[in-house]
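Structure file final37.txt with compact mmCIF, C-alpha atoms (C1' of nucleotides):
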# COMPACT_ATOMS: atom_id res chain seq x y z
CA MET A 166 -42.53 25.84 -7.63
CA ALA A 167 -40.72 24.49 -4.58
CA VAL A 168 -37.37 24.71 -6.34
CA SER A 169 -36.68 27.11 -9.19
CA LYS A 170 -36.21 25.91 -12.74
CA LYS A 171 -32.69 27.24 -12.64
CA ALA A 172 -31.89 25.19 -9.54
CA VAL A 173 -32.99 21.97 -11.27
CA ARG A 174 -30.98 22.89 -14.36
CA ASP A 175 -27.93 23.47 -12.19
CA ALA A 176 -28.42 20.16 -10.42
CA ILE A 177 -28.63 18.33 -13.74
CA VAL A 178 -25.49 20.07 -14.96
CA ASP A 179 -23.64 19.09 -11.80
CA THR A 180 -24.55 15.42 -12.04
CA ALA A 181 -23.96 15.37 -15.80
CA ARG A 182 -20.49 16.72 -15.16
CA TYR A 183 -19.43 13.58 -13.36
CA ILE A 184 -20.95 11.27 -15.94
CA PHE A 185 -19.30 13.09 -18.83
CA ALA A 186 -16.01 13.00 -16.96
CA ARG A 187 -16.24 9.26 -16.38
CA PHE A 188 -17.58 8.13 -19.76
CA GLY A 189 -16.69 10.87 -22.22
CA TYR A 190 -19.16 12.64 -24.48
CA ARG A 191 -20.20 9.83 -26.80
CA LYS A 192 -20.64 7.11 -24.20
CA THR A 193 -22.65 9.30 -21.87
CA THR A 194 -26.34 8.57 -22.45
CA MET A 195 -29.25 10.84 -21.75
CA ASP A 196 -30.78 8.02 -19.74
CA ALA A 197 -27.73 7.81 -17.50
CA ILE A 198 -27.86 11.55 -16.88
CA ALA A 199 -31.59 11.39 -16.13
CA ARG A 200 -31.26 8.45 -13.74
CA ALA A 201 -28.36 10.10 -11.91
CA ALA A 202 -30.46 13.23 -11.57
CA ARG A 203 -33.39 11.07 -10.34
CA LYS A 204 -35.55 12.15 -13.24
CA GLY A 205 -37.26 10.48 -16.15
CA LYS A 206 -35.37 10.83 -19.41
CA SER A 207 -37.99 13.05 -20.98
CA SER A 208 -37.99 15.31 -17.95
CA VAL A 209 -34.43 16.23 -18.75
CA TYR A 210 -35.67 17.42 -22.13
CA TYR A 211 -37.93 19.83 -20.32
CA TYR A 212 -34.82 21.61 -19.05
CA PHE A 213 -32.45 21.13 -21.98
CA LYS A 214 -32.96 21.12 -25.73
CA ASN A 215 -30.58 18.23 -26.31
CA LYS A 216 -27.42 16.45 -25.21
CA GLU A 217 -25.11 19.06 -26.68
CA GLU A 218 -26.82 21.80 -24.69
CA ILE A 219 -26.18 19.92 -21.46
CA PHE A 220 -22.56 19.38 -22.35
CA LEU A 221 -22.18 23.02 -23.30
CA ALA A 222 -23.64 24.02 -19.94
CA VAL A 223 -21.11 21.78 -18.19
CA VAL A 224 -18.26 23.28 -20.19
CA ASN A 225 -19.42 26.84 -19.61
CA LYS A 226 -19.66 26.29 -15.88
CA GLU A 227 -16.19 24.76 -15.91
CA VAL A 228 -14.86 27.77 -17.77
CA ALA A 229 -16.53 30.13 -15.32
CA VAL A 230 -14.95 28.32 -12.39
CA VAL A 231 -11.55 28.41 -14.05
CA LYS A 232 -11.79 32.10 -14.78
CA GLU A 233 -12.93 32.80 -11.23
CA GLU A 234 -10.06 30.78 -9.82
CA ILE A 235 -7.51 32.55 -11.98
CA ARG A 236 -8.99 35.96 -11.18
CA ASN A 237 -8.73 35.24 -7.45
CA ALA A 238 -5.18 33.99 -7.75
CA ILE A 239 -3.80 36.99 -9.62
CA ALA A 240 -5.66 39.38 -7.33
CA SER A 241 -3.28 38.42 -4.53
CA THR A 242 -0.57 40.75 -5.85
CA SER A 243 -0.21 43.96 -7.79
CA ASP A 244 3.38 43.39 -8.85
CA PRO A 245 3.22 42.61 -12.59
CA LYS A 246 6.11 40.17 -12.57
CA GLU A 247 4.66 38.24 -9.65
CA LYS A 248 1.25 38.46 -11.23
CA LEU A 249 2.40 36.90 -14.49
CA THR A 250 4.15 34.09 -12.62
CA ILE A 251 1.08 33.38 -10.52
CA TYR A 252 -1.12 33.54 -13.58
CA VAL A 253 0.92 31.02 -15.53
CA LEU A 254 1.33 28.59 -12.64
CA THR A 255 -2.34 28.78 -11.64
CA ARG A 256 -3.42 28.32 -15.23
CA MET A 257 -1.23 25.24 -15.56
CA ARG A 258 -2.37 23.72 -12.29
CA VAL A 259 -6.05 24.30 -13.03
CA LEU A 260 -5.81 22.88 -16.53
CA TYR A 261 -3.85 19.93 -15.16
CA ARG A 262 -6.58 19.26 -12.62
CA ILE A 263 -9.33 19.51 -15.26
CA ALA A 264 -7.45 17.32 -17.73
CA HIS A 265 -7.20 14.63 -15.08
CA PHE A 266 -10.84 14.99 -14.10
CA TYR A 267 -12.00 14.58 -17.68
CA SER A 268 -9.42 11.86 -18.33
CA SER A 269 -11.88 9.83 -20.41
CA PHE A 270 -11.86 12.55 -23.06
CA ARG A 271 -8.27 11.74 -23.95
CA GLU A 272 -9.32 8.77 -26.06
CA GLU A 273 -12.24 10.62 -27.59
CA TYR A 274 -11.83 12.30 -30.94
CA LEU A 275 -13.46 15.43 -29.57
CA GLN A 276 -11.68 18.05 -31.65
CA GLU A 277 -14.06 17.30 -34.50
CA TYR A 278 -16.97 19.09 -32.81
CA ASP A 279 -16.80 22.66 -33.98
CA PHE A 280 -18.19 24.09 -30.77
CA ILE A 281 -15.12 22.71 -29.00
CA GLN A 282 -12.96 24.53 -31.54
CA ARG A 283 -14.83 27.77 -30.88
CA PHE A 284 -14.52 27.25 -27.12
CA ARG A 285 -10.76 26.76 -27.53
CA GLU A 286 -10.44 29.99 -29.51
CA ASP A 287 -12.47 31.87 -26.90
CA LEU A 288 -10.15 30.68 -24.18
CA ASP A 289 -7.12 31.74 -26.22
CA ARG A 290 -8.52 35.24 -26.60
CA TYR A 291 -9.30 35.40 -22.88
CA GLU A 292 -5.79 34.31 -22.03
CA THR A 293 -4.20 36.77 -24.44
CA LYS A 294 -6.22 39.58 -22.91
CA ILE A 295 -5.20 38.75 -19.34
CA ILE A 296 -1.53 38.54 -20.25
CA LEU A 297 -1.72 41.71 -22.30
CA ASP A 298 -3.26 43.55 -19.35
CA ILE A 299 -0.48 42.36 -17.06
CA LEU A 300 2.20 43.34 -19.59
CA ARG A 301 0.71 46.82 -20.08
CA ASP A 302 0.45 47.34 -16.34
CA GLY A 303 4.09 46.31 -16.05
CA ILE A 304 5.08 48.81 -18.72
CA ARG A 305 3.12 51.56 -17.01
CA LYS A 306 4.85 50.75 -13.73
CA LYS A 307 8.19 50.79 -15.56
CA ILE A 308 8.95 47.20 -14.64
CA PHE A 309 8.61 45.70 -18.10
CA SER A 310 10.25 46.97 -21.26
CA ILE A 311 8.39 45.64 -24.26
CA GLU A 312 8.27 47.10 -27.74
CA ASP A 313 5.09 45.44 -28.95
CA PRO A 314 3.00 44.12 -26.02
CA THR A 315 0.31 42.64 -28.26
CA THR A 316 2.78 40.49 -30.15
CA ALA A 317 4.50 39.58 -26.90
CA ALA A 318 1.22 38.45 -25.35
CA ASN A 319 0.47 36.34 -28.40
CA SER A 320 3.90 34.74 -28.25
CA ILE A 321 3.53 33.91 -24.60
CA VAL A 322 0.14 32.30 -25.18
CA VAL A 323 1.53 30.19 -28.01
CA ALA A 324 4.58 29.17 -25.99
CA LEU A 325 2.36 28.20 -23.07
CA LYS A 326 0.67 25.69 -25.37
CA GLY A 327 3.94 23.82 -25.53
CA PHE A 328 4.09 23.73 -21.76
CA GLU A 329 0.48 22.65 -21.66
CA TYR A 330 1.38 19.66 -23.82
CA TYR A 331 4.31 19.00 -21.51
CA TRP A 332 2.00 19.11 -18.49
CA GLY A 333 -0.17 16.57 -20.24
CA THR A 334 2.60 14.01 -20.55
CA GLU A 335 4.81 14.49 -17.49
CA GLU A 336 3.35 13.19 -14.23
CA ASN A 337 5.74 14.73 -11.71
CA ILE A 338 3.95 17.97 -10.89
CA THR A 339 6.80 19.45 -8.84
CA LYS A 340 9.13 19.03 -11.79
CA LEU A 341 6.51 20.65 -14.03
CA GLU A 342 6.24 23.69 -11.79
CA LYS A 343 10.01 24.02 -11.54
CA GLN A 344 10.37 23.85 -15.32
CA THR A 345 7.62 26.43 -15.81
CA GLU A 346 9.14 28.80 -13.27
CA ASP A 347 12.53 28.48 -14.94
CA MET A 348 10.99 29.31 -18.31
CA LEU A 349 9.41 32.44 -16.85
CA GLU A 350 12.69 33.48 -15.23
CA MET A 351 14.33 33.19 -18.64
CA LEU A 352 11.57 35.30 -20.16
CA TYR A 353 12.10 37.97 -17.50
CA ARG A 354 15.84 38.16 -17.83
CA GLY A 355 16.22 37.45 -21.51
CA ILE A 356 19.26 35.48 -22.49
CA LEU A 357 21.34 38.22 -24.07
CA LYS A 358 24.20 39.71 -22.13
CA LYS A 359 23.65 43.34 -21.25
CA MET B 142 24.08 -8.11 -59.54
CA ALA B 143 23.42 -5.25 -61.96
CA VAL B 144 22.16 -3.00 -59.21
CA SER B 145 23.16 -3.41 -55.58
CA LYS B 146 20.75 -4.66 -52.98
CA LYS B 147 21.02 -1.33 -51.21
CA ALA B 148 20.01 0.54 -54.35
CA VAL B 149 16.84 -1.51 -54.69
CA ARG B 150 16.06 -1.01 -51.02
CA ASP B 151 16.50 2.73 -51.46
CA ALA B 152 14.25 2.73 -54.52
CA ILE B 153 11.53 0.89 -52.62
CA VAL B 154 11.82 3.32 -49.74
CA ASP B 155 11.52 6.26 -52.10
CA THR B 156 8.38 5.01 -53.80
CA ALA B 157 6.87 3.82 -50.50
CA ARG B 158 7.36 7.35 -49.17
CA TYR B 159 4.87 8.77 -51.65
CA ILE B 160 2.32 6.04 -51.04
CA PHE B 161 2.51 6.41 -47.27
CA ALA B 162 2.19 10.18 -47.66
CA ARG B 163 -0.93 9.84 -49.80
CA PHE B 164 -2.73 7.03 -47.99
CA GLY B 165 -1.33 6.99 -44.45
CA TYR B 166 0.13 3.97 -42.74
CA ARG B 167 -2.91 1.73 -42.41
CA LYS B 168 -4.34 2.24 -45.89
CA THR B 169 -1.02 1.70 -47.59
CA THR B 170 -0.87 -1.92 -48.77
CA MET B 171 2.20 -3.99 -49.45
CA ASP B 172 0.75 -4.71 -52.87
CA ALA B 173 0.54 -1.02 -53.70
CA ILE B 174 4.15 -0.51 -52.66
CA ALA B 175 5.25 -3.51 -54.70
CA ARG B 176 3.35 -2.43 -57.80
CA ALA B 177 4.69 1.11 -57.57
CA ALA B 178 8.18 -0.32 -57.29
CA ARG B 179 7.47 -2.59 -60.26
CA LYS B 180 7.99 -5.70 -58.23
CA GLY B 181 5.98 -8.70 -57.15
CA LYS B 182 4.58 -8.38 -53.66
CA SER B 183 6.78 -11.15 -52.30
CA SER B 184 9.87 -9.60 -53.84
CA VAL B 185 9.50 -6.71 -51.45
CA TYR B 186 9.81 -9.21 -48.62
CA TYR B 187 13.21 -10.16 -49.94
CA TYR B 188 14.34 -6.63 -49.08
CA PHE B 189 12.27 -5.89 -46.00
CA LYS B 190 11.12 -8.02 -43.10
CA ASN B 191 7.67 -6.45 -43.01
CA LYS B 192 5.58 -3.34 -43.54
CA GLU B 193 6.75 -1.68 -40.35
CA GLU B 194 10.38 -2.02 -41.43
CA ILE B 195 9.63 -0.20 -44.68
CA PHE B 196 7.83 2.57 -42.86
CA LEU B 197 10.67 2.84 -40.36
CA ALA B 198 13.13 3.14 -43.24
CA VAL B 199 11.02 5.94 -44.74
CA VAL B 200 10.89 7.76 -41.40
CA ASN B 201 14.60 7.33 -40.77
CA LYS B 202 15.47 8.71 -44.17
CA GLU B 203 13.15 11.64 -43.57
CA VAL B 204 14.83 12.32 -40.23
CA ALA B 205 18.25 12.13 -41.85
CA VAL B 206 17.21 14.64 -44.51
CA VAL B 207 15.79 16.97 -41.87
CA LYS B 208 18.92 16.81 -39.75
CA GLU B 209 21.09 17.41 -42.80
CA GLU B 210 19.00 20.39 -43.84
CA ILE B 211 19.16 21.90 -40.38
CA ARG B 212 22.89 21.25 -40.10
CA ASN B 213 23.48 23.03 -43.41
CA ALA B 214 21.30 25.96 -42.44
CA ILE B 215 22.97 26.68 -39.11
CA ALA B 216 26.42 26.23 -40.63
CA SER B 217 25.91 29.48 -42.52
CA THR B 218 26.83 31.58 -39.50
CA SER B 219 28.92 31.34 -36.38
CA ASP B 220 27.08 34.07 -34.49
CA PRO B 221 25.11 32.25 -31.74
CA LYS B 222 22.15 34.60 -31.82
CA GLU B 223 21.83 34.37 -35.58
CA LYS B 224 22.39 30.63 -35.36
CA LEU B 225 19.55 30.13 -32.92
CA THR B 226 17.20 32.22 -35.06
CA ILE B 227 18.12 30.30 -38.19
CA TYR B 228 17.78 27.03 -36.36
CA VAL B 229 14.28 27.76 -35.10
CA LEU B 230 13.01 29.13 -38.40
CA THR B 231 14.50 26.30 -40.44
CA ARG B 232 13.13 23.72 -38.05
CA MET B 233 9.66 25.24 -38.31
CA ARG B 234 9.74 25.49 -42.09
CA VAL B 235 10.98 21.93 -42.52
CA LEU B 236 8.42 20.48 -40.13
CA TYR B 237 5.73 22.54 -41.84
CA ARG B 238 6.74 21.11 -45.20
CA ILE B 239 6.78 17.55 -43.89
CA ALA B 240 3.46 17.91 -42.09
CA HIS B 241 1.88 19.03 -45.34
CA PHE B 242 3.53 16.23 -47.31
CA TYR B 243 2.24 13.59 -44.93
CA SER B 244 -1.13 15.31 -44.61
CA SER B 245 -3.00 11.98 -44.65
CA PHE B 246 -1.47 11.12 -41.29
CA ARG B 247 -3.48 13.84 -39.60
CA GLU B 248 -6.60 11.67 -39.50
CA GLU B 249 -4.68 8.57 -38.53
CA TYR B 250 -4.42 7.64 -34.88
CA LEU B 251 -0.69 7.10 -35.28
CA GLN B 252 0.45 8.12 -31.82
CA GLU B 253 -0.55 4.66 -30.59
CA TYR B 254 2.42 2.98 -32.27
CA ASP B 255 5.17 2.96 -29.67
CA PHE B 256 7.95 3.30 -32.23
CA ILE B 257 6.51 6.67 -33.17
CA GLN B 258 6.65 7.68 -29.51
CA ARG B 259 10.32 6.67 -29.34
CA PHE B 260 11.06 8.55 -32.56
CA ARG B 261 9.45 11.67 -31.08
CA GLU B 262 11.57 11.41 -27.94
CA ASP B 263 14.71 10.93 -30.01
CA LEU B 264 13.94 14.06 -31.97
CA ASP B 265 13.37 16.00 -28.74
CA ARG B 266 16.75 14.94 -27.41
CA TYR B 267 18.39 15.88 -30.72
CA GLU B 268 16.76 19.28 -30.66
CA THR B 269 17.71 19.91 -27.02
CA LYS B 270 21.31 19.03 -27.81
CA ILE B 271 21.54 21.41 -30.76
CA ILE B 272 20.05 24.29 -28.81
CA LEU B 273 22.23 23.55 -25.80
CA ASP B 274 25.32 23.61 -28.01
CA ILE B 275 24.32 26.98 -29.44
CA LEU B 276 23.60 28.39 -25.99
CA ARG B 277 26.94 27.18 -24.60
CA ASP B 278 28.79 28.59 -27.57
CA GLY B 279 26.99 31.88 -27.00
CA ILE B 280 28.03 31.88 -23.34
CA ARG B 281 31.63 31.14 -24.25
CA LYS B 282 31.60 34.00 -26.73
CA LYS B 283 30.12 36.22 -24.02
CA ILE B 284 26.99 36.95 -26.07
CA PHE B 285 24.53 35.00 -23.95
CA SER B 286 24.12 35.26 -20.21
CA ILE B 287 22.37 32.15 -18.94
CA GLU B 288 22.50 30.70 -15.48
CA ASP B 289 21.45 27.16 -16.29
CA PRO B 290 21.83 26.42 -20.03
CA THR B 291 20.43 22.89 -19.75
CA THR B 292 17.18 24.08 -18.23
CA ALA B 293 17.04 26.94 -20.72
CA ALA B 294 17.45 24.54 -23.64
CA ASN B 295 14.68 22.35 -22.28
CA SER B 296 12.37 25.34 -21.87
CA ILE B 297 13.02 26.48 -25.41
CA VAL B 298 12.27 23.03 -26.80
CA VAL B 299 9.01 22.85 -24.86
CA ALA B 300 7.99 26.36 -25.91
CA LEU B 301 8.74 25.50 -29.54
CA LYS B 302 6.13 22.75 -29.29
CA GLY B 303 3.53 25.45 -28.79
CA PHE B 304 4.72 27.19 -31.92
CA GLU B 305 4.73 23.88 -33.76
CA TYR B 306 1.05 23.48 -32.89
CA TYR B 307 0.48 27.04 -34.07
CA TRP B 308 2.26 26.26 -37.38
CA GLY B 309 -0.08 23.31 -37.73
CA THR B 310 -3.22 25.43 -37.60
CA GLU B 311 -2.29 28.74 -39.20
CA GLU B 312 -1.94 28.72 -42.98
CA ASN B 313 -0.29 32.09 -43.58
CA ILE B 314 3.38 31.16 -43.52
CA THR B 315 4.66 34.74 -43.58
CA LYS B 316 2.64 35.51 -40.49
CA LEU B 317 4.02 32.37 -38.83
CA GLU B 318 7.60 33.40 -39.51
CA LYS B 319 6.97 36.93 -38.25
CA GLN B 320 5.41 35.61 -35.04
CA THR B 321 8.28 33.18 -34.49
CA GLU B 322 10.91 35.88 -35.06
CA ASP B 323 9.13 38.17 -32.61
CA MET B 324 9.10 35.42 -29.99
CA LEU B 325 12.85 34.96 -30.42
CA GLU B 326 13.47 38.68 -30.17
CA MET B 327 11.58 38.67 -26.89
CA LEU B 328 13.67 35.76 -25.68
CA TYR B 329 16.85 37.62 -26.55
CA ARG B 330 15.92 40.86 -24.89
CA GLY B 331 13.89 39.54 -22.01
CA ILE B 332 10.97 41.66 -20.97
CA LEU B 333 12.32 43.13 -17.75
CA LYS B 334 13.59 46.68 -17.75
CA LYS B 335 17.31 46.93 -17.13
C1' DA C 211 24.15 -17.81 -55.55
C1' DT C 212 21.09 -14.18 -55.87
C1' DT C 213 16.75 -12.35 -57.01
C1' DT C 214 11.88 -12.80 -58.38
C1' DT C 215 7.43 -14.53 -58.15
C1' DG C 216 2.92 -17.22 -57.93
C1' DA C 217 0.42 -19.86 -54.88
C1' DA C 218 -1.27 -20.41 -50.43
C1' DC C 219 -2.98 -19.09 -45.87
C1' DA C 220 -4.03 -17.06 -41.43
C1' DA C 221 -5.38 -12.80 -39.73
C1' DA C 222 -7.41 -8.57 -40.24
C1' DA C 223 -10.62 -5.45 -42.53
C1' DA C 224 -14.80 -4.60 -44.78
C1' DA C 225 -19.47 -5.49 -45.99
C1' DC C 226 -23.75 -7.01 -44.65
C1' DT C 227 -27.47 -8.22 -41.60
C1' DA C 228 -30.06 -8.52 -37.44
C1' DT C 229 -30.65 -6.65 -32.89
C1' DT C 230 -30.36 -3.32 -29.33
C1' DT C 231 -29.61 1.15 -27.66
C1' DT C 232 -30.21 5.90 -27.70
C1' DG C 233 -31.53 10.78 -28.71
C1' DG C 234 -35.40 13.09 -29.16
C1' DT C 235 -40.95 13.94 -29.50
C1' DC C 236 -45.64 14.14 -27.77
C1' DG C 237 -49.67 13.87 -25.37
C1' DA C 238 -51.49 12.73 -21.08
C1' DA C 239 -51.20 12.74 -16.16
C1' DA C 240 -49.70 14.75 -11.77
C1' DT D 57 -45.73 24.07 -14.44
C1' DT D 58 -43.47 19.80 -14.16
C1' DT D 59 -43.04 14.76 -14.85
C1' DC D 60 -43.10 10.75 -17.36
C1' DG D 61 -44.51 6.53 -20.17
C1' DA D 62 -45.04 5.29 -24.74
C1' DC D 63 -43.28 5.73 -29.11
C1' DC D 64 -40.13 6.31 -33.20
C1' DA D 65 -36.35 7.03 -36.34
C1' DA D 66 -31.61 6.97 -36.33
C1' DA D 67 -27.54 5.37 -34.65
C1' DA D 68 -24.69 2.06 -32.30
C1' DT D 69 -23.64 -2.64 -31.45
C1' DA D 70 -23.19 -7.58 -32.13
C1' DG D 71 -22.80 -11.36 -35.04
C1' DT D 72 -21.75 -13.35 -39.43
C1' DT D 73 -19.96 -13.81 -44.04
C1' DT D 74 -16.90 -12.17 -47.60
C1' DT D 75 -12.93 -9.86 -49.17
C1' DT D 76 -8.55 -7.92 -48.63
C1' DT D 77 -4.01 -7.90 -46.90
C1' DG D 78 0.41 -9.17 -44.57
C1' DT D 79 3.47 -12.74 -44.59
C1' DT D 80 5.62 -17.38 -45.83
C1' DC D 81 7.70 -20.61 -48.90
C1' DA D 82 9.06 -23.48 -52.47
C1' DA D 83 10.01 -23.20 -57.09
C1' DA D 84 11.48 -20.65 -61.12
C1' DA D 85 14.31 -17.16 -63.35
C1' DT D 86 18.51 -14.63 -63.61
Any chance you could give the structure as structure tokens?
Amino acid sequence: MAVSKKAVRDAIVDTARYIFARFGYRKTTMDAIARAARKGKSSVYYYFKNKEEIFLAVVNKEVAVVKEEIRNAIASTSDPKEKLTIYVLTRMRVLYRIAHFYSSFREEYLQEYDFIQRFREDLDRYETKIILDILRDGIRKKIFSIEDPTTAANSIVVALKGFEYYWGTEENITKLEKQTEDMLEMLYRGILKK
Amino acid sequence: MAVSKKAVRDAIVDTARYIFARFGYRKTTMDAIARAARKGKSSVYYYFKNKEEIFLAVVNKEVAVVKEEIRNAIASTSDPKEKLTIYVLTRMRVLYRIAHFYSSFREEYLQEYDFIQRFREDLDRYETKIILDILRDGIRKKIFSIEDPTTAANSIVVALKGFEYYWGTEENITKLEKQTEDMLEMLYRGILKK
DNA sequence: ATTTTGAACAAAAAACTATTTTGGTCGAAA
DNA sequence: TTTCGACCAAAATAGTTTTTTGTTCAAAAT
């Protein structure tokens, strides 16, 4: 066992990632993955049960990287307001980058697959939790004043979906960041006169 | 001329509306529209240039009804805060109703048609204008305190898209309204401690 | 003059068939 | 333990024929 089984699995996942990104899920063939990984097709089946399992591994790794990246970004400050801003901007930038990497998926009717649906829900829960933690920390530090943090976190997550859609259409990334920052500023100040 | 040309056109649009709603754009045939309107297929062409023109007429009428409904709803109060709340809730309810009426369009890849894209952009501009008017009125009445109302209006429109998506998935309409009201309350108060 | 319609037709969709590709299995070889 | 060629059923694709559908137009009805 010169290289571990896990190492080969990881290598296959890494090469598969590029092929999925370029051709989408449906048009990516097991043979293409195998050839890119310099393996026979049936060898790939020694490491993965089927195509879906490979794709799931790619997605999971992507999610792990995203979470890691976000965790690092928000670790740079302990100020809740700053933290929320950094979180939102990082989240948008990362998702923007991923959406462009997997650009071929735009034309694919991928939402049908129920494991994608589940993955989406998982990510929503993760996001709600992070925001809720930041909000609670802000309340504890007497920087935020929020009646119902759980509801607030949910609202923010839902609103961010609108901005996510916006980030999907608009190309000018500087404008996107400006718009997102402005939205956050509005959230912080509220619009009512005090 | 027992009935005016316009009346017949309107009647065709009204019947076509139901057929489009049930079958979607592609699966709706000119023959089905004609039969439902108790006309020969070629008679319909006396009133409309082609299928797209009928569909456009249906959409335009729908938009007119929506705008009218929203206009009526927000006319019920002159208080800017109340007005904004009523606007958002009415908008959501109306779009929810329409989305369910045209449920067959969900499986249709309709976003390709460029006239749908233009229609979407028009609606965005309309929405931004209404919100901007409310915000400005609120500032004038010294109820709102907003640095840049234009940017704020844009942000609200974008955020509402997230809620629109949410209204598309969630079925419990009471929960939807509660969530939307909570989001607005947060917007009004802001989350920062004063 | 205005409105309606049947007949006709090109273009698109659907149905059908033949062919190729592809996801997945298995036993043997390395 | 790992790799792979040979194999297969199912699915995708390509190619062809048939049917449906959008649109036109001249003639008939009002």
Taking a cut-off of 9 Å and counting only C-alpha atoms (C1' of nucleotides), can you build a table that, for each residue of chain C near chain B, reports the nearest atom pair and how far apart they are in Å (one decimal), sorted by chain then residue number, as a Markdown table?
| residue | atom | partner | partner_atom | distance |
| --- | --- | --- | --- | --- |
| C:DT212 | C1' | B:Met142 | CA | 7.7 |
| C:DT213 | C1' | B:Ser184 | CA | 8.1 |
| C:DT214 | C1' | B:Ser184 | CA | 5.9 |
| C:DT215 | C1' | B:Gly181 | CA | 6.1 |
Q. Would you list which chain B residues are within 6 Å of chain A using only C-alpha atoms, as a PyMOL selection string?
A. chain B and resi 284-287+296+299-300+302-304+324+328-334
Q) Excluding same-chain residues fewer than 5 positions from DA221 (chain C), what lies within 12 Å of it counting all atoms listed in the file, as a list in words? A)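 In the requested form, the answer reads DT76, DT77, DG78 and DT79 of chain D.
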Q. Between CA of Glu194 (chain B) and CA of Ile271 (chain B), what is the distance, to one decimal in Å?
A.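 Taking CA of Glu194 (chain B) as the start and CA of Ile271 (chain B) as the end point, the length is 28.1 Å.
One finds C1' of DA223 (chain C) at 10.5 Å from CA of Lys168 (chain B).
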Q: Excluding region 208-214 of chain B and any residue of its chain fewer than 2 positions from it, enumerate the residues within 8 Å of it, using all atoms listed in the file, and give them as a list in words.
A: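 Neighbouring residues, sequence-local ones excluded: Val204, Ala205, Val206, Ala216, Ser217, Ile227, Tyr228, Thr231 and Arg232 of chain B.
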Q: Pull out every residue of chain D sitting within 8 Å of chain A, counting all atoms listed in the file, and send them as number ranges by chain.
A: D: 57, 59-60
Would you put the residues from that selection into a file with C-alpha atoms (C1' of nucleotides), as a CSV table (one decimal), in the frame of the given file?
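Just written: result.csv:
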chain,number,residue,atom,x,y,z
D,57,DT,C1',-45.7,24.1,-14.4
D,59,DT,C1',-43.0,14.8,-14.8
D,60,DC,C1',-43.1,10.8,-17.4
Q) So how many Å separate C1' of DA239 (chain C) and CA of Ala202 (chain A), to one decimal? A) 21.2 Å
Q: Can you pull out every residue within 9 Å of Phe185 (chain A), counting only C-alpha atoms (C1' of nucleotides), but drop anything in the same chain fewer than 3 positions away, and send it as number ranges by chain?
A: A: 180-182, 188-193, 198, 220, 223, 267, 269-270
Q: Find, counting all atoms listed in the file, the residue in A:Ile177, A:Thr339, A:Ile263, A:Thr315 that gets nearest to Asp298 (chain A).
A: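 Residue with the minimum atom-to-atom distance to Asp298 (chain A): A:Thr315.
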What are the nearest atom pairs, with distances in Å to one decimal, for all residues of region 65-86 of chain D that come at most 10 Å from region 228-238 of chain C, using all atoms listed in the file, set out by chain and rising residue number as a Markdown table?
| residue | atom | partner | partner_atom | distance |
| --- | --- | --- | --- | --- |
| D:DA65 | C1' | C:DG234 | C1' | 9.4 |
| D:DA66 | C1' | C:DG233 | C1' | 8.5 |
| D:DA67 | C1' | C:DT232 | C1' | 7.5 |
| D:DA68 | C1' | C:DT231 | C1' | 6.8 |
| D:DT69 | C1' | C:DT230 | C1' | 7.1 |
| D:DA70 | C1' | C:DT229 | C1' | 7.6 |
| D:DG71 | C1' | C:DA228 | C1' | 8.2 |
| D:DT72 | C1' | C:DA228 | C1' | 9.8 |
Set up a box along x, y and z of the file covering all listed atoms of region 215-228 of chain C, add 3 Å on every one of the six sides, and write the centre and edge lengths in Å to one decimal, as lines of an AutoDock Vina configuration file.
center_x = -11.3
center_y = -12.5
center_z = -47.8
size_x = 43.5
size_y = 21.8
size_z = 26.7
